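*Asks:* See data_14.csv below, with CSV, C-alpha atoms and all ligand atoms.
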chain,number,residue,atom,x,y,z
A,1,MET,CA,-66.4,-96.5,-69.8
A,2,ARG,CA,-63.7,-98.7,-71.3
A,3,VAL,CA,-60.9,-97.9,-68.9
A,4,PHE,CA,-57.2,-98.5,-69.4
A,5,MET,CA,-55.2,-98.9,-66.2
A,6,THR,CA,-51.5,-99.2,-65.4
A,7,GLY,CA,-50.6,-100.7,-62.1
A,8,ALA,CA,-53.7,-102.9,-62.4
A,9,SER,CA,-51.9,-105.8,-60.8
A,10,GLY,CA,-50.6,-103.7,-57.9
A,11,TRP,CA,-51.9,-103.2,-54.3
A,12,ILE,CA,-54.3,-100.4,-55.1
A,13,GLY,CA,-55.0,-101.3,-58.7
A,14,SER,CA,-56.2,-104.8,-57.9
A,15,ALA,CA,-58.8,-103.1,-55.6
A,16,VAL,CA,-59.7,-100.6,-58.3
A,17,ILE,CA,-60.5,-103.3,-60.8
A,18,PRO,CA,-63.5,-104.8,-58.9
A,19,GLU,CA,-64.6,-101.3,-57.9
A,20,LEU,CA,-64.8,-100.3,-61.6
A,21,LEU,CA,-66.4,-103.6,-62.7
A,22,SER,CA,-69.1,-103.4,-60.1
A,23,ALA,CA,-69.9,-99.9,-61.3
A,24,GLY,CA,-70.4,-101.2,-64.9
A,25,HIS,CA,-67.1,-100.1,-66.5
A,26,GLN,CA,-64.9,-102.3,-68.6
A,27,VAL,CA,-61.3,-102.6,-67.6
A,28,THR,CA,-58.1,-103.3,-69.5
A,29,GLY,CA,-55.0,-103.5,-67.2
A,30,LEU,CA,-51.4,-103.2,-68.3
A,31,ALA,CA,-49.4,-106.5,-67.6
A,32,ARG,CA,-45.7,-106.8,-68.0
A,33,SER,CA,-45.6,-110.5,-67.2
A,34,ASP,CA,-47.6,-113.7,-67.4
A,35,ALA,CA,-48.2,-113.5,-63.6
A,36,SER,CA,-49.5,-110.0,-63.8
A,37,ALA,CA,-51.7,-110.9,-66.7
A,38,ALA,CA,-53.1,-113.8,-64.8
A,39,ALA,CA,-53.8,-111.7,-61.7
A,40,ILE,CA,-55.6,-109.1,-63.8
A,41,ALA,CA,-57.7,-111.8,-65.6
A,42,ALA,CA,-58.5,-113.4,-62.3
A,43,LEU,CA,-60.2,-110.2,-61.2
A,44,GLY,CA,-62.3,-110.1,-64.3
A,45,ALA,CA,-60.5,-107.5,-66.4
A,46,ASP,CA,-58.7,-107.9,-69.7
A,47,ALA,CA,-54.9,-107.8,-69.7
A,48,PHE,CA,-52.9,-105.8,-72.2
A,49,ARG,CA,-49.3,-107.0,-72.5
A,50,GLY,CA,-46.8,-104.2,-72.4
A,51,SER,CA,-44.5,-102.2,-70.2
A,52,LEU,CA,-44.0,-98.8,-68.7
A,53,ASP,CA,-40.6,-99.0,-70.2
A,54,ASP,CA,-42.1,-98.9,-73.7
A,55,PRO,CA,-44.5,-95.9,-73.5
A,56,SER,CA,-45.1,-95.8,-77.3
A,57,GLY,CA,-46.6,-99.3,-77.0
A,58,LEU,CA,-49.4,-97.9,-74.9
A,59,ARG,CA,-50.7,-95.4,-77.5
A,60,ASP,CA,-53.2,-97.7,-79.3
A,61,VAL,CA,-54.8,-99.0,-76.2
A,62,VAL,CA,-55.1,-95.5,-74.8
A,63,ALA,CA,-56.7,-94.3,-78.1
A,64,THR,CA,-59.4,-96.9,-77.8
A,65,SER,CA,-60.2,-96.2,-74.2
A,66,ASP,CA,-62.7,-93.8,-72.7
A,67,GLY,CA,-60.5,-93.0,-69.7
A,68,VAL,CA,-57.1,-93.8,-68.3
A,69,ILE,CA,-55.9,-94.5,-64.7
A,70,HIS,CA,-52.2,-94.5,-64.2
A,71,LEU,CA,-51.1,-96.2,-61.0
A,72,GLY,CA,-48.1,-98.2,-62.2
A,73,TYR,CA,-44.7,-97.1,-60.9
A,74,ASN,CA,-41.2,-98.5,-60.2
A,75,HIS,CA,-40.8,-98.1,-56.4
A,76,ASP,CA,-37.0,-99.0,-56.4
A,77,PHE,CA,-35.7,-96.2,-54.1
A,78,SER,CA,-32.2,-96.7,-55.4
A,79,GLN,CA,-33.4,-95.6,-58.9
A,80,MET,CA,-35.6,-92.6,-58.1
A,81,GLN,CA,-34.6,-90.4,-60.9
A,82,ALA,CA,-34.7,-93.2,-63.5
A,83,ALA,CA,-38.1,-94.3,-62.3
A,84,ALA,CA,-39.4,-90.7,-62.6
A,85,ASP,CA,-37.9,-90.4,-66.1
A,86,THR,CA,-39.7,-93.6,-67.2
A,87,ASP,CA,-42.9,-92.3,-65.7
A,88,ARG,CA,-42.4,-89.0,-67.6
A,89,GLY,CA,-42.3,-91.0,-70.8
A,90,VAL,CA,-45.5,-92.8,-69.9
A,91,VAL,CA,-47.6,-89.7,-68.9
A,92,GLU,CA,-46.4,-87.8,-72.0
A,93,ALA,CA,-47.4,-90.8,-74.3
A,94,ILE,CA,-50.8,-91.0,-72.7
A,95,GLY,CA,-51.3,-87.3,-72.6
A,96,SER,CA,-50.4,-86.8,-76.2
A,97,VAL,CA,-53.1,-89.3,-77.2
A,98,LEU,CA,-55.8,-87.9,-74.9
A,99,LYS,CA,-55.2,-84.2,-75.8
A,100,GLY,CA,-58.5,-82.6,-77.0
A,101,SER,CA,-60.6,-85.6,-76.1
A,102,ASP,CA,-62.1,-84.3,-72.8
A,103,ARG,CA,-61.5,-87.9,-71.5
A,104,PRO,CA,-60.4,-88.5,-67.9
A,105,PHE,CA,-56.8,-89.2,-67.0
A,106,VAL,CA,-56.2,-90.0,-63.3
A,107,VAL,CA,-52.7,-90.3,-61.9
A,108,ALA,CA,-51.4,-91.2,-58.5
A,109,GLY,CA,-49.6,-88.9,-56.1
A,110,GLY,CA,-48.8,-88.7,-52.4
A,111,VAL,CA,-49.3,-86.3,-49.6
A,112,ILE,CA,-46.0,-86.6,-47.7
A,113,GLY,CA,-44.1,-83.3,-47.8
A,114,ILE,CA,-46.6,-81.2,-49.7
A,115,ALA,CA,-47.3,-78.7,-46.8
A,116,PRO,CA,-44.5,-79.1,-44.2
A,117,GLY,CA,-45.6,-77.9,-40.7
A,118,ARG,CA,-49.3,-77.7,-41.4
A,119,VAL,CA,-52.3,-79.6,-42.6
A,120,ALA,CA,-52.1,-80.2,-46.3
A,121,THR,CA,-55.1,-79.4,-48.4
A,122,GLU,CA,-56.0,-80.3,-51.9
A,123,ASN,CA,-55.2,-76.8,-53.0
A,124,ASP,CA,-51.6,-77.1,-51.8
A,125,GLN,CA,-49.1,-77.6,-54.7
A,126,PRO,CA,-46.0,-79.5,-53.8
A,127,ASP,CA,-42.6,-77.9,-54.2
A,128,PRO,CA,-41.2,-78.9,-57.6
A,129,GLY,CA,-38.1,-80.2,-55.9
A,130,LEU,CA,-40.0,-82.4,-53.5
A,131,HIS,CA,-39.6,-85.6,-55.6
A,132,PRO,CA,-38.4,-86.2,-59.1
A,133,ARG,CA,-41.9,-87.4,-59.9
A,134,THR,CA,-43.6,-84.1,-58.8
A,135,ALA,CA,-43.1,-82.6,-62.3
A,136,ASN,CA,-44.8,-85.5,-63.9
A,137,VAL,CA,-48.0,-85.0,-61.9
A,138,ASP,CA,-47.8,-81.2,-62.7
A,139,TYR,CA,-47.6,-82.1,-66.4
A,140,VAL,CA,-50.7,-84.3,-66.1
A,141,LEU,CA,-52.7,-81.6,-64.3
A,142,SER,CA,-51.6,-79.1,-66.9
A,143,LEU,CA,-53.3,-81.2,-69.6
A,144,ALA,CA,-56.5,-79.7,-68.2
A,145,ASN,CA,-55.6,-76.7,-70.5
A,146,ASP,CA,-55.4,-79.1,-73.5
A,147,GLY,CA,-58.8,-80.8,-73.4
A,148,VAL,CA,-58.0,-83.6,-70.9
A,149,ARG,CA,-60.0,-84.1,-67.7
A,150,SER,CA,-56.9,-84.8,-65.7
A,151,SER,CA,-56.8,-85.3,-62.0
A,152,CYS,CA,-54.4,-86.5,-59.3
A,153,VAL,CA,-55.4,-88.8,-56.4
A,154,ARG,CA,-52.8,-88.1,-53.7
A,155,PHE,CA,-52.7,-91.2,-51.5
A,156,ALA,CA,-52.0,-91.2,-47.8
A,157,PRO,CA,-48.6,-92.8,-47.1
A,158,THR,CA,-50.3,-95.8,-45.8
A,159,VAL,CA,-53.0,-97.4,-48.0
A,160,HIS,CA,-53.7,-100.2,-45.5
A,161,GLY,CA,-55.6,-103.5,-45.4
A,162,GLU,CA,-55.0,-107.2,-45.5
A,163,GLY,CA,-52.2,-108.1,-47.9
A,164,ASP,CA,-50.5,-104.6,-47.6
A,165,HIS,CA,-46.8,-104.8,-48.6
A,166,GLY,CA,-46.2,-101.0,-48.3
A,167,PHE,CA,-44.9,-98.7,-45.5
A,168,ILE,CA,-46.7,-100.4,-42.6
A,169,ALA,CA,-45.5,-103.9,-43.7
A,170,THR,CA,-42.0,-102.4,-43.9
A,171,LEU,CA,-42.2,-101.0,-40.4
A,172,VAL,CA,-43.4,-104.4,-39.1
A,173,ALA,CA,-40.4,-106.0,-40.8
A,174,ILE,CA,-38.0,-103.4,-39.3
A,175,ALA,CA,-39.4,-104.0,-35.8
A,176,ARG,CA,-39.0,-107.8,-36.2
A,177,GLU,CA,-35.4,-107.3,-37.3
A,178,ARG,CA,-34.6,-104.8,-34.6
A,179,GLY,CA,-36.4,-106.6,-31.8
A,180,THR,CA,-38.1,-103.3,-30.9
A,181,SER,CA,-40.9,-101.2,-32.4
A,182,GLY,CA,-39.5,-97.7,-32.7
A,183,TYR,CA,-40.9,-94.2,-33.4
A,184,VAL,CA,-38.8,-91.1,-34.2
A,185,GLY,CA,-38.3,-88.4,-31.6
A,186,ASP,CA,-41.4,-88.1,-29.3
A,187,GLY,CA,-43.5,-89.7,-32.0
A,188,SER,CA,-46.0,-86.8,-32.1
A,189,ASN,CA,-45.5,-86.4,-35.9
A,190,CYS,CA,-48.6,-87.8,-37.6
A,191,TRP,CA,-49.3,-89.9,-40.7
A,192,PRO,CA,-52.6,-89.9,-42.6
A,193,ALA,CA,-54.1,-93.2,-43.6
A,194,VAL,CA,-56.7,-94.7,-45.9
A,195,HIS,CA,-58.1,-98.1,-46.2
A,196,ARG,CA,-57.4,-99.7,-49.6
A,197,ALA,CA,-61.1,-100.2,-50.4
A,198,ASP,CA,-61.9,-96.5,-49.7
A,199,ALA,CA,-58.9,-95.5,-51.8
A,200,ALA,CA,-60.2,-97.6,-54.7
A,201,ARG,CA,-63.6,-96.0,-54.5
A,202,LEU,CA,-62.0,-92.5,-54.7
A,203,VAL,CA,-60.1,-93.5,-57.8
A,204,ARG,CA,-63.4,-94.6,-59.4
A,205,LEU,CA,-65.1,-91.3,-58.4
A,206,ALA,CA,-62.1,-89.3,-59.8
A,207,LEU,CA,-62.4,-91.2,-63.1
A,208,GLU,CA,-66.1,-90.6,-63.3
A,209,GLY,CA,-66.3,-87.0,-62.1
A,210,ALA,CA,-63.2,-85.1,-61.0
A,211,PRO,CA,-63.0,-81.7,-62.6
A,212,ALA,CA,-60.1,-81.1,-65.0
A,213,GLY,CA,-56.9,-80.2,-63.2
A,214,SER,CA,-58.1,-81.2,-59.7
A,215,SER,CA,-56.1,-82.8,-56.9
A,216,LEU,CA,-57.9,-85.2,-54.5
A,217,HIS,CA,-56.8,-86.6,-51.2
A,218,ALA,CA,-57.2,-90.3,-50.6
A,219,VAL,CA,-57.0,-89.6,-46.8
A,220,ALA,CA,-59.6,-91.1,-44.4
A,221,GLU,CA,-57.7,-90.3,-41.2
A,222,SER,CA,-56.0,-87.0,-41.4
A,223,GLY,CA,-53.2,-87.8,-38.9
A,224,ILE,CA,-52.4,-90.6,-36.6
A,225,PRO,CA,-49.4,-90.0,-34.2
A,226,THR,CA,-46.5,-92.2,-35.3
A,227,LYS,CA,-46.0,-93.2,-31.7
A,228,ALA,CA,-49.5,-94.8,-31.7
A,229,ILE,CA,-48.5,-96.7,-34.9
A,230,ALA,CA,-45.3,-97.9,-33.3
A,231,GLN,CA,-47.3,-99.0,-30.1
A,232,ALA,CA,-49.8,-101.0,-32.2
A,233,ILE,CA,-46.9,-102.7,-34.0
A,234,GLY,CA,-45.0,-103.4,-30.8
A,235,THR,CA,-48.2,-104.8,-29.2
A,236,GLY,CA,-48.9,-106.9,-32.3
A,237,LEU,CA,-45.4,-108.4,-32.3
A,238,GLY,CA,-45.0,-108.5,-28.5
A,239,LEU,CA,-41.9,-106.3,-28.7
A,240,PRO,CA,-40.8,-103.3,-26.6
A,241,ILE,CA,-41.8,-99.9,-27.9
A,242,VAL,CA,-38.9,-97.4,-28.0
A,243,ALA,CA,-38.1,-93.8,-28.9
A,244,VAL,CA,-35.4,-93.4,-31.6
A,245,ALA,CA,-33.5,-90.1,-31.6
A,246,ARG,CA,-34.0,-88.2,-34.8
A,247,ASP,CA,-30.2,-88.4,-35.5
A,248,ASP,CA,-30.4,-92.2,-35.2
A,249,ALA,CA,-33.5,-92.6,-37.4
A,250,ALA,CA,-31.6,-93.4,-40.6
A,251,GLU,CA,-29.5,-96.0,-38.8
A,252,HIS,CA,-32.5,-97.6,-37.1
A,253,PHE,CA,-35.1,-97.5,-39.9
A,254,GLY,CA,-32.9,-97.2,-43.0
A,255,TRP,CA,-34.6,-95.3,-45.9
A,256,MET,CA,-37.9,-95.5,-44.0
A,257,GLY,CA,-36.6,-93.2,-41.2
A,258,ARG,CA,-37.0,-90.1,-43.4
A,259,PHE,CA,-40.7,-91.0,-44.0
A,260,PHE,CA,-41.6,-92.2,-40.5
A,261,GLY,CA,-40.1,-89.1,-39.0
A,262,ALA,CA,-42.1,-86.8,-41.3
A,263,ASN,CA,-45.3,-85.0,-40.2
A,264,ALA,CA,-47.7,-85.4,-43.1
A,265,THR,CA,-51.2,-84.4,-41.7
A,266,ALA,CA,-53.6,-83.9,-44.6
A,267,SER,CA,-57.3,-83.1,-44.8
A,268,ASN,CA,-59.9,-84.5,-47.2
A,269,THR,CA,-62.6,-81.8,-46.8
A,270,MET,CA,-62.5,-80.7,-50.5
A,271,THR,CA,-62.4,-84.2,-51.8
A,272,ARG,CA,-65.5,-85.2,-49.9
A,273,GLU,CA,-67.3,-82.1,-51.0
A,274,LEU,CA,-66.3,-82.3,-54.6
A,275,LEU,CA,-66.9,-86.0,-55.2
A,276,GLY,CA,-69.2,-87.1,-52.3
A,277,TRP,CA,-66.5,-89.5,-51.2
A,278,ASN,CA,-67.2,-90.9,-47.8
A,279,PRO,CA,-64.6,-93.4,-46.4
A,280,THR,CA,-66.4,-96.2,-44.5
A,281,HIS,CA,-63.8,-98.9,-43.8
A,282,GLN,CA,-61.8,-99.5,-40.7
A,283,GLY,CA,-59.0,-97.3,-39.6
A,284,LEU,CA,-55.2,-98.1,-39.5
A,285,LEU,CA,-55.0,-98.9,-35.8
A,286,GLU,CA,-58.1,-101.2,-36.1
A,287,ASP,CA,-56.4,-103.0,-39.0
A,288,LEU,CA,-53.2,-103.3,-36.9
A,289,ALA,CA,-55.2,-104.7,-34.0
A,290,ALA,CA,-56.9,-107.2,-36.3
A,291,GLY,CA,-53.6,-109.1,-36.4
A,292,PHE,CA,-53.1,-109.9,-40.1
A,293,TYR,CA,-50.0,-107.6,-40.3
A,294,PHE,CA,-48.2,-109.9,-38.0
A,295,ARG,CA,-49.0,-113.3,-39.4
B,1,LIG,N1,-49.6,-97.9,-51.5
B,1,LIG,C1,-49.4,-96.7,-50.9
B,1,LIG,O1,-49.5,-96.6,-49.7
B,1,LIG,C2,-49.2,-95.5,-51.8
B,1,LIG,C3,-49.0,-94.3,-51.2
B,1,LIG,C4,-48.8,-93.1,-52.0
B,1,LIG,C5,-48.8,-93.2,-53.3
B,1,LIG,N2,-48.9,-94.5,-53.9
B,1,LIG,C6,-48.9,-94.6,-55.4
B,1,LIG,O2,-50.1,-95.2,-55.9
B,1,LIG,C7,-49.8,-96.0,-57.0
B,1,LIG,C8,-50.1,-97.5,-56.8
B,1,LIG,O3,-49.4,-97.9,-55.7
B,1,LIG,P1,-49.4,-99.4,-55.2
B,1,LIG,O4,-49.2,-99.5,-53.8
B,1,LIG,O5,-50.6,-100.1,-55.8
B,1,LIG,O6,-48.1,-100.0,-56.0
B,1,LIG,P2,-47.6,-101.5,-56.2
B,1,LIG,O7,-48.4,-102.4,-55.4
B,1,LIG,O8,-46.1,-101.4,-55.9
B,1,LIG,O9,-47.8,-101.8,-57.7
B,1,LIG,C9,-47.0,-101.2,-58.7
B,1,LIG,C10,-47.6,-101.6,-60.0
B,1,LIG,O10,-46.8,-101.0,-61.1
B,1,LIG,C11,-46.6,-102.0,-62.0
B,1,LIG,N3,-45.3,-101.8,-62.7
B,1,LIG,C12,-44.1,-101.5,-62.1
B,1,LIG,N4,-43.2,-101.4,-63.1
B,1,LIG,C13,-43.8,-101.7,-64.3
B,1,LIG,C14,-43.3,-101.7,-65.6
B,1,LIG,N5,-42.1,-101.5,-66.0
B,1,LIG,N6,-44.2,-102.0,-66.6
B,1,LIG,C15,-45.5,-102.3,-66.2
B,1,LIG,N7,-46.0,-102.3,-65.0
B,1,LIG,C16,-45.1,-102.0,-64.0
B,1,LIG,C17,-46.5,-103.3,-61.2
B,1,LIG,O11,-46.7,-104.4,-62.0
B,1,LIG,P3,-46.2,-105.9,-61.6
B,1,LIG,O12,-47.4,-106.5,-60.9
B,1,LIG,O13,-45.9,-106.6,-62.9
B,1,LIG,O14,-45.1,-105.8,-60.6
B,1,LIG,C18,-47.7,-103.1,-60.3
B,1,LIG,O15,-48.9,-103.3,-61.0
B,1,LIG,C19,-48.3,-95.8,-57.3
B,1,LIG,O16,-48.1,-94.9,-58.2
B,1,LIG,C20,-47.8,-95.4,-55.9
B,1,LIG,O17,-46.6,-94.6,-56.0
B,1,LIG,C21,-49.2,-95.6,-53.2
As structure tokens, please, write out the structure in this file.

*Replies:*
Amino acid sequence: MRVFMTGASGWIGSAVIPELLSAGHQVTGLARSDASAAAIAALGADAFRGSLDDPSGLRDVVATSDGVIHLGYNHDFSQMQAAADTDRGVVEAIGSVLKGSDRPFVVAGGVIGIAPGRVATENDQPDPGLHPRTANVDYVLSLANDGVRSSCVRFAPTVHGEGDHGFIATLVAIARERGTSGYVGDGSNCWPAVHRADAARLVRLALEGAPAGSSLHAVAESGIPTKAIAQAIGTGLGLPIVAVARDDAAEHFGWMGRFFGANATASNTMTRELLGWNPTHQGLLEDLAAGFYFR
């Protein structure tokens, strides 16, 4: 397939490019800067200059593609509604071109908060009020009724590996700053995890074969106690490991407190059965023990 991908220069996207190329696909990645275009080209894909802020500029490249993967997003937590509004413009622009084509349209989602208090499955639908972005994913999945083979890959909150700049890297930075590695409450709340390379393979499998309207879980480990994550970070940095009272989580962790205190256990059974996905790379605690998060 000729695949158009947003977020191609990002953490997950830059692993998806080689995954797609090695399966024989051609990839064109959205680049908003010279640096992003160079990163995309260095991975062997073509760069298309444009921006998520100008969705109409994406129409032609979408029209000449056999499938679209949309991973690009503005993660500025101080602009959550604005970022979701921009994203809405992008998915609507892509969706309007793909309607009636039966071509695949894969978007990114997350698993935190979709099934509070129990193990989330692929059949769970997030509450529309969960995040300003939730409605955009719902819109994409609804395109299944308009002749688009749309799907959502819901990533674990940590897509880990060497070079990660996401939640785990943030927790490491907070521990360094505080001089302690904390967990919230008794640390029994769990986070699911997936290695970046396994996540990239699932994105390819979704592009190639996810049924229209399906949600997939990029979750290799269904739930790791956050206390174990804090212990691994404390060990890696040589810092004391401490419990942080739930009421003090925002003060200690900042915006991360809400996420690190959440229980987000999620299963992958349906994803494995549907697409034959079989995560094989090392787990989060093994990656933390490898040392690269602390260099
Ligand atoms: N990583 C995780 O643990 C995780 C967990 C759950 C969900 N997700 C979701 O998975 C997707 C990929 O995540 P990621 O970790 O790979 O994100 P990332 O590393 O932050 O990459 C974001 C990508 O979006 C691009 N982008 C941002 N604003 C743009 C704009 N205005 N125009 C064009 N491109 C723009 C960036 O381009 P530049 O290179 O130019 O900055 C980059 O390629 C996201 O939708 C994210 O929300 C990720």

*Asks:* Can you check which parts of chain A lie within 8 Å of ligand LIG 1 (chain B)? Per residue, the shortest pair of atoms and distance in Å to one decimal, counting all atoms listed in the file, sorted by chain and number, as JSON lines.

*Replies:*
{"residue": "A:Thr6", "atom": "CA", "partner": "B:LIG1", "partner_atom": "N7", "distance": 6.3}
{"residue": "A:Gly7", "atom": "CA", "partner": "B:LIG1", "partner_atom": "O15", "distance": 3.3}
{"residue": "A:Ala8", "atom": "CA", "partner": "B:LIG1", "partner_atom": "O15", "distance": 5.0}
{"residue": "A:Ser9", "atom": "CA", "partner": "B:LIG1", "partner_atom": "O15", "distance": 3.9}
{"residue": "A:Gly10", "atom": "CA", "partner": "B:LIG1", "partner_atom": "O9", "distance": 3.4}
{"residue": "A:Trp11", "atom": "CA", "partner": "B:LIG1", "partner_atom": "O5", "distance": 3.7}
{"residue": "A:Ile12", "atom": "CA", "partner": "B:LIG1", "partner_atom": "O5", "distance": 3.8}
{"residue": "A:Gly13", "atom": "CA", "partner": "B:LIG1", "partner_atom": "O5", "distance": 5.4}
{"residue": "A:Ser14", "atom": "CA", "partner": "B:LIG1", "partner_atom": "O5", "distance": 7.6}
{"residue": "A:Leu30", "atom": "CA", "partner": "B:LIG1", "partner_atom": "C15", "distance": 6.3}
{"residue": "A:Ala31", "atom": "CA", "partner": "B:LIG1", "partner_atom": "O13", "distance": 5.9}
{"residue": "A:Arg32", "atom": "CA", "partner": "B:LIG1", "partner_atom": "C15", "distance": 4.9}
{"residue": "A:Ser33", "atom": "CA", "partner": "B:LIG1", "partner_atom": "O13", "distance": 5.8}
{"residue": "A:Ala35", "atom": "CA", "partner": "B:LIG1", "partner_atom": "O13", "distance": 7.3}
{"residue": "A:Ser36", "atom": "CA", "partner": "B:LIG1", "partner_atom": "O12", "distance": 5.0}
{"residue": "A:Gly50", "atom": "CA", "partner": "B:LIG1", "partner_atom": "C15", "distance": 6.6}
{"residue": "A:Ser51", "atom": "CA", "partner": "B:LIG1", "partner_atom": "N6", "distance": 3.6}
{"residue": "A:Leu52", "atom": "CA", "partner": "B:LIG1", "partner_atom": "N6", "distance": 3.8}
{"residue": "A:Asp53", "atom": "CA", "partner": "B:LIG1", "partner_atom": "N5", "distance": 5.1}
{"residue": "A:His70", "atom": "CA", "partner": "B:LIG1", "partner_atom": "O16", "distance": 7.3}
{"residue": "A:Leu71", "atom": "CA", "partner": "B:LIG1", "partner_atom": "C7", "distance": 4.2}
{"residue": "A:Gly72", "atom": "CA", "partner": "B:LIG1", "partner_atom": "O10", "distance": 3.3}
{"residue": "A:Tyr73", "atom": "CA", "partner": "B:LIG1", "partner_atom": "O10", "distance": 4.4}
{"residue": "A:Asn74", "atom": "CA", "partner": "B:LIG1", "partner_atom": "N4", "distance": 4.6}
{"residue": "A:His75", "atom": "CA", "partner": "B:LIG1", "partner_atom": "O8", "distance": 6.3}
{"residue": "A:Val107", "atom": "CA", "partner": "B:LIG1", "partner_atom": "O16", "distance": 7.5}
{"residue": "A:Ala108", "atom": "CA", "partner": "B:LIG1", "partner_atom": "O2", "distance": 4.9}
{"residue": "A:Gly109", "atom": "CA", "partner": "B:LIG1", "partner_atom": "C5", "distance": 5.2}
{"residue": "A:Gly110", "atom": "CA", "partner": "B:LIG1", "partner_atom": "C4", "distance": 4.4}
{"residue": "A:Val111", "atom": "CA", "partner": "B:LIG1", "partner_atom": "C4", "distance": 7.2}
{"residue": "A:Arg154", "atom": "CA", "partner": "B:LIG1", "partner_atom": "C5", "distance": 6.5}
{"residue": "A:Phe155", "atom": "CA", "partner": "B:LIG1", "partner_atom": "C4", "distance": 4.4}
{"residue": "A:Ala156", "atom": "CA", "partner": "B:LIG1", "partner_atom": "C3", "distance": 5.5}
{"residue": "A:Pro157", "atom": "CA", "partner": "B:LIG1", "partner_atom": "C3", "distance": 4.4}
{"residue": "A:Thr158", "atom": "CA", "partner": "B:LIG1", "partner_atom": "O1", "distance": 4.1}
{"residue": "A:Val159", "atom": "CA", "partner": "B:LIG1", "partner_atom": "O1", "distance": 4.0}
{"residue": "A:His160", "atom": "CA", "partner": "B:LIG1", "partner_atom": "O1", "distance": 6.9}
{"residue": "A:Asp164", "atom": "CA", "partner": "B:LIG1", "partner_atom": "N1", "distance": 7.8}
{"residue": "A:His165", "atom": "CA", "partner": "B:LIG1", "partner_atom": "O7", "distance": 7.4}
{"residue": "A:Gly166", "atom": "CA", "partner": "B:LIG1", "partner_atom": "N1", "distance": 5.6}
{"residue": "A:Phe167", "atom": "CA", "partner": "B:LIG1", "partner_atom": "O1", "distance": 6.6}

*Asks:* Got a sec: who's within 9 Å of stretch 221-236 of chain A, counting only C-alpha atoms, leaving out chain neighbours fewer than 3 positions off, as a PyMOL selection string?

*Replies:* chain A and resi 119+156+168+171-172+175+180-184+186-194+239-243+260-261+263-268+283-285+288-291+293-294

*Asks:* Anything within 12 Å of (-58.6, -107.1, -54.7): list those residues as a list of chain:residue names, counting only C-alpha atoms and sticking to the file's coordinates.

*Replies:*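 Nearby residues: A:Ala8, A:Ser9, A:Gly10, A:Trp11, A:Ile12, A:Gly13, A:Ser14, A:Ala15, A:Val16, A:Ile17, A:Pro18, A:Glu19, A:Leu20, A:Leu21, A:Ala39, A:Ile40, A:Ala41, A:Ala42, A:Leu43, A:Gly44, A:Ala45, A:Gly161, A:Glu162, A:Gly163, A:Asp164, A:Arg196, A:Ala197, A:Ala199, A:Ala200.
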
*Asks:* Which value, in Å to one decimal, gives the distance between atom CA of A:His25 and atom CA of A:Val3?

*Replies:* 7.0 Å

*Asks:* Would you kindly identify which residues have an atom no farther than 8 Å from (-51.2, -83.2, -67.8), using all atoms listed in the file and the file's own coordinates, and write them out as JSON, numbers by chain?

*Replies:* {"A": [91, 92, 95, 136, 137, 138, 139, 140, 141, 142, 143, 144, 148, 150, 213]}

*Asks:* Pick the closest to A:Leu205 from A:Ala120, A:Gly100, A:Ile69, A:Asp287: which is it, counting all atoms listed in the file?

*Replies:*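 Distance minimum relative to A:Leu205 lands on A:Ile69.
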
*Asks:* When you draw a straight line from atom CA of A:Leu274 to atom CA of A:Asn123, how long is it in Å?

*Replies:*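 So the two atoms, atom CA of A:Leu274 and atom CA of A:Asn123, lie 12.5 Å apart.
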
*Asks:* In Å, how far is it from atom CA of A:Gly89 to atom CA of A:Gly67?

*Replies:* 18.3 Å

*Asks:* Just checking: using all atoms listed in the file, which residue out of A:Arg246, A:Arg149, A:Arg295, A:Lys99 ends up closest to A:Arg258?

*Replies:* A:Arg246

*Asks:* Compile the contact shell of A:Trp277 as a ChimeraX atom specification: residues with an atom at most 10 Å away, counting all atoms listed in the file, same-chain residues fewer than 3 positions apart removed.

*Replies:* /A:198-199,201-202,205-206,218,220,268-274,280

*Asks:* Select, from A:Asp60, A:Asp247, A:Asp34, A:Asp54, the residue with the minimum atom-to-atom distance to A:Arg88, counting all atoms listed in the file.

*Replies:*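 That would be A:Asp54, the residue with the smallest distance to A:Arg88.
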
*Asks:* Between A:Asp46, A:Glu177, A:Asp102, A:Asp124, which residue has the minimum interatomic distance to A:Ser214, considering all atoms listed in the file?

*Replies:*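 Closest to A:Ser214 of all the choices is A:Asp124.
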